[in-house]
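Data block below; observations after.
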Amino acid sequence: MRAARLIKLVLLLQSRPSMTGGELARELEVSERTVARDVTALSEAGVPVYADRGRAGGYRLIGGYRTRLTGLGRAEAEALFLSGVPAALRDMGLADAASAARLKVAAALVPALSDAPVSAAQRFHLDAPAWWHSGDPPELLPAVADAVWDDRRMTARYGRRDGEEVERELEPYGLVLKAGVWYLAARVEDDFRVYRVDRFTAVAVGEARFQRSGSFDLPAFWEERAAEFARSILRDRVEVRLTGEGARLLPHVTDRRAAEEALAAGAATVTLSVESLEVAYAQLLALGPEVEVLGPPQLRARFAEAAARMAALYG
């Protein structure tokens, strides 16, 4: 543990001109006293660490010293490609591996490019969760992530929508973060399925590894399943007449694909696929006078009642 911390300390100093004891303590998650002891140990081992005294003081490497301990391990190399999604790395327990990988890459850069990681981080940040989402990761996510990264079979108990719990032997292929919700793509008896990670009630990761299918493509698989899911929940149809403004706004209040399909012909009167009449009422009500619901009759009657009540309110 200490050896890894000493290497990280050297890499930090190599990637920056100088760092204070407090800055190093925060990066290494130790006390400033521990930083001072580590610096002493490095000096005794022949690493030229120099301490500047005073208010503007700190630690720095002298004599152009550069360590060659910059080779990436597998976990670090894999985590590096996710370094633009810090929240996801933290949730999966990969933040330390990504931090070490970034430091090694920074240490390998020539001095003229040493500020490139900081420069990029100040210009782009991906905030994956949706607005108003709590952001709390599922409790069992780190265990599931370990199984995914190591290609290890796992046994999981899963709470289905009907309230029943089932146990499954899974080959965990990949994790997807969609609008703040984590999903697992896994193979079960030669069939690929999707599970919400927050519905796992127990996970046991075994020692046995599985052989990945070389043809499996996680982004393509997810896109296909997401499209299937979107189609599967659009079980009802409603007929509406739209104004020009209503047609423009329709994709923003209903399922985008369903709206685009309905509007494709360019007609003012369209048939729209919806999840349910209850959902359609809530969505289309947002369009106000820009939409007229023509059918089914029970939905039109509900809109007529809502219009009458609004007319009474506004006189």
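FYI, nothing fancy with the structure tokens labels: chains A, B, ... in order, residues from 1 per chain, ligands from 1 as they appear.
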For Ala259 (chain A): contacts at 9 Å, only C-alpha atoms, fewer than 3 positions along chain excluded, given as a PyMOL selection string = chain A and resi 247+250-252+254-256+262-264+272-273
query = Which neighbours of Glu207 (chain A) fall inside 9 Å, counting only C-alpha atoms, when residues of the same chain fewer than 3 positions from it are skipped, and could you give them as a list in words?
reply =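 These residues fall inside the cut-off: Arg152, Arg153 and Met154 of chain A.
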Preceding selection exported with C-alpha atoms as a tab-separated table (two decimals), in the first residue's frame:
```tsv
chain	number	residue	atom	x	y	z
A	152	ARG	CA	-16.26	-13.82	-13.87
A	153	ARG	CA	-19.55	-15.69	-13.58
A	154	MET	CA	-21.90	-14.45	-10.89
```
task = Please provide as a count of residues only all residues within 12 Å of Ala304 (chain A), with the sequence filter that same-chain residues fewer than 3 positions apart are discarded (counting only C-alpha atoms).
result = 19
task = List the neighbours of Arg231 (chain A) out to 12 Å using only C-alpha atoms; skip same-chain residues closer than 5 positions along the sequence, and give me the result as a list in words.
result =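 Neighbouring residues, sequence-local ones excluded: Glu224, Arg225, Ala226, Asp236, Asp255, Arg256, Arg257, Ala258, Glu261, Ser273, Val274 and Glu275 of chain A.
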With all heavy atoms retained, could you export that selection as a CSV table (one decimal), in the first residue's frame?
```
chain,number,residue,atom,x,y,z
A,224,GLU,N,-30.1,-1.6,-29.8
A,224,GLU,CA,-31.2,-2.5,-30.3
A,224,GLU,C,-32.2,-2.8,-29.2
A,224,GLU,O,-33.4,-2.7,-29.4
A,224,GLU,CB,-30.6,-3.8,-30.8
A,224,GLU,CG,-31.6,-4.8,-31.3
A,224,GLU,CD,-31.0,-6.1,-31.7
A,224,GLU,OE1,-29.8,-6.2,-31.8
A,224,GLU,OE2,-31.8,-7.1,-31.8
A,225,ARG,N,-31.7,-3.1,-28.0
A,225,ARG,CA,-32.6,-3.4,-26.9
A,225,ARG,C,-33.4,-2.1,-26.4
A,225,ARG,O,-34.6,-2.2,-26.1
A,225,ARG,CB,-31.9,-4.0,-25.7
A,225,ARG,CG,-31.4,-5.4,-25.9
A,225,ARG,CD,-32.5,-6.3,-26.3
A,225,ARG,NE,-32.1,-7.6,-26.7
A,225,ARG,CZ,-31.9,-8.7,-25.9
A,225,ARG,NH1,-32.2,-8.5,-24.6
A,225,ARG,NH2,-31.5,-9.8,-26.3
A,226,ALA,N,-32.8,-1.0,-26.5
A,226,ALA,CA,-33.5,0.2,-26.1
A,226,ALA,C,-34.6,0.5,-27.1
A,226,ALA,O,-35.7,1.0,-26.7
A,226,ALA,CB,-32.5,1.4,-26.1
A,236,ASP,N,-50.8,1.8,-27.0
A,236,ASP,CA,-52.0,2.5,-27.3
A,236,ASP,C,-51.8,3.5,-28.5
A,236,ASP,O,-50.6,3.9,-28.8
A,236,ASP,CB,-52.6,3.2,-26.2
A,236,ASP,CG,-53.3,2.2,-25.2
A,236,ASP,OD1,-53.9,1.2,-25.7
A,236,ASP,OD2,-53.2,2.5,-24.0
A,255,ASP,N,-42.7,10.4,-26.7
A,255,ASP,CA,-41.6,9.6,-27.1
A,255,ASP,C,-41.1,10.2,-28.5
A,255,ASP,O,-41.9,10.3,-29.4
A,255,ASP,CB,-42.0,8.2,-27.3
A,255,ASP,CG,-40.9,7.3,-27.8
A,255,ASP,OD1,-40.1,6.9,-27.0
A,255,ASP,OD2,-40.8,7.1,-29.0
A,256,ARG,N,-39.9,10.5,-28.6
A,256,ARG,CA,-39.3,11.2,-29.8
A,256,ARG,C,-39.5,10.3,-31.0
A,256,ARG,O,-39.9,10.9,-32.1
A,256,ARG,CB,-37.9,11.5,-29.6
A,256,ARG,CG,-37.2,12.2,-30.8
A,256,ARG,CD,-35.8,12.7,-30.4
A,256,ARG,NE,-35.9,13.8,-29.5
A,256,ARG,CZ,-36.1,15.1,-29.8
A,256,ARG,NH1,-36.2,15.5,-31.0
A,256,ARG,NH2,-36.1,16.0,-28.8
A,257,ARG,N,-39.2,9.1,-31.0
A,257,ARG,CA,-39.3,8.2,-32.2
A,257,ARG,C,-40.8,8.1,-32.6
A,257,ARG,O,-41.1,8.2,-33.8
A,257,ARG,CB,-38.7,6.8,-31.9
A,257,ARG,CG,-37.2,6.8,-31.8
A,257,ARG,CD,-36.7,5.4,-31.6
A,257,ARG,NE,-35.3,5.4,-31.6
A,257,ARG,CZ,-34.6,4.6,-30.8
A,257,ARG,NH1,-35.2,3.7,-30.1
A,257,ARG,NH2,-33.2,4.6,-30.9
A,258,ALA,N,-41.7,7.9,-31.6
A,258,ALA,CA,-43.1,7.8,-32.0
A,258,ALA,C,-43.6,9.1,-32.6
A,258,ALA,O,-44.4,9.1,-33.6
A,258,ALA,CB,-43.9,7.5,-30.7
A,261,GLU,N,-42.3,9.4,-36.2
A,261,GLU,CA,-43.0,8.5,-37.1
A,261,GLU,C,-44.4,9.1,-37.5
A,261,GLU,O,-44.8,9.0,-38.6
A,261,GLU,CB,-43.1,7.1,-36.5
A,261,GLU,CG,-41.8,6.3,-36.4
A,261,GLU,CD,-42.0,5.0,-35.7
A,261,GLU,OE1,-43.1,4.7,-35.3
A,261,GLU,OE2,-41.0,4.3,-35.5
A,273,SER,N,-48.4,6.8,-31.4
A,273,SER,CA,-48.3,5.7,-30.5
A,273,SER,C,-47.9,6.2,-29.1
A,273,SER,O,-47.0,7.0,-29.0
A,273,SER,CB,-47.2,4.7,-31.0
A,273,SER,OG,-47.5,4.2,-32.2
A,274,VAL,N,-48.6,5.7,-28.1
A,274,VAL,CA,-48.4,6.2,-26.7
A,274,VAL,C,-48.3,5.0,-25.8
A,274,VAL,O,-48.8,3.9,-26.1
A,274,VAL,CB,-49.5,7.2,-26.3
A,274,VAL,CG1,-49.5,8.4,-27.1
A,274,VAL,CG2,-50.9,6.5,-26.3
A,275,GLU,N,-47.7,5.3,-24.6
A,275,GLU,CA,-47.6,4.2,-23.6
A,275,GLU,C,-49.0,3.8,-23.0
A,275,GLU,O,-49.2,2.6,-22.8
A,275,GLU,CB,-46.7,4.7,-22.4
A,275,GLU,CG,-46.4,3.6,-21.4
A,275,GLU,CD,-45.4,4.1,-20.4
A,275,GLU,OE1,-44.7,5.1,-20.6
A,275,GLU,OE2,-45.3,3.5,-19.3
```
request  = Looking only at helix (DSSP H, G or I) from DSSP on the backbone, list the matching residues of region 137-284 of chain A as a PyMOL selection string.
outcome  = chain A and resi 141-150+197-199+218-233+244-253+256-263+277-284
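With distances restricted to only C-alpha atoms, A:Leu11 is the closest residue to Val47 (chain A) from A:Val181, A:Ala25, A:Leu11, A:Leu234.
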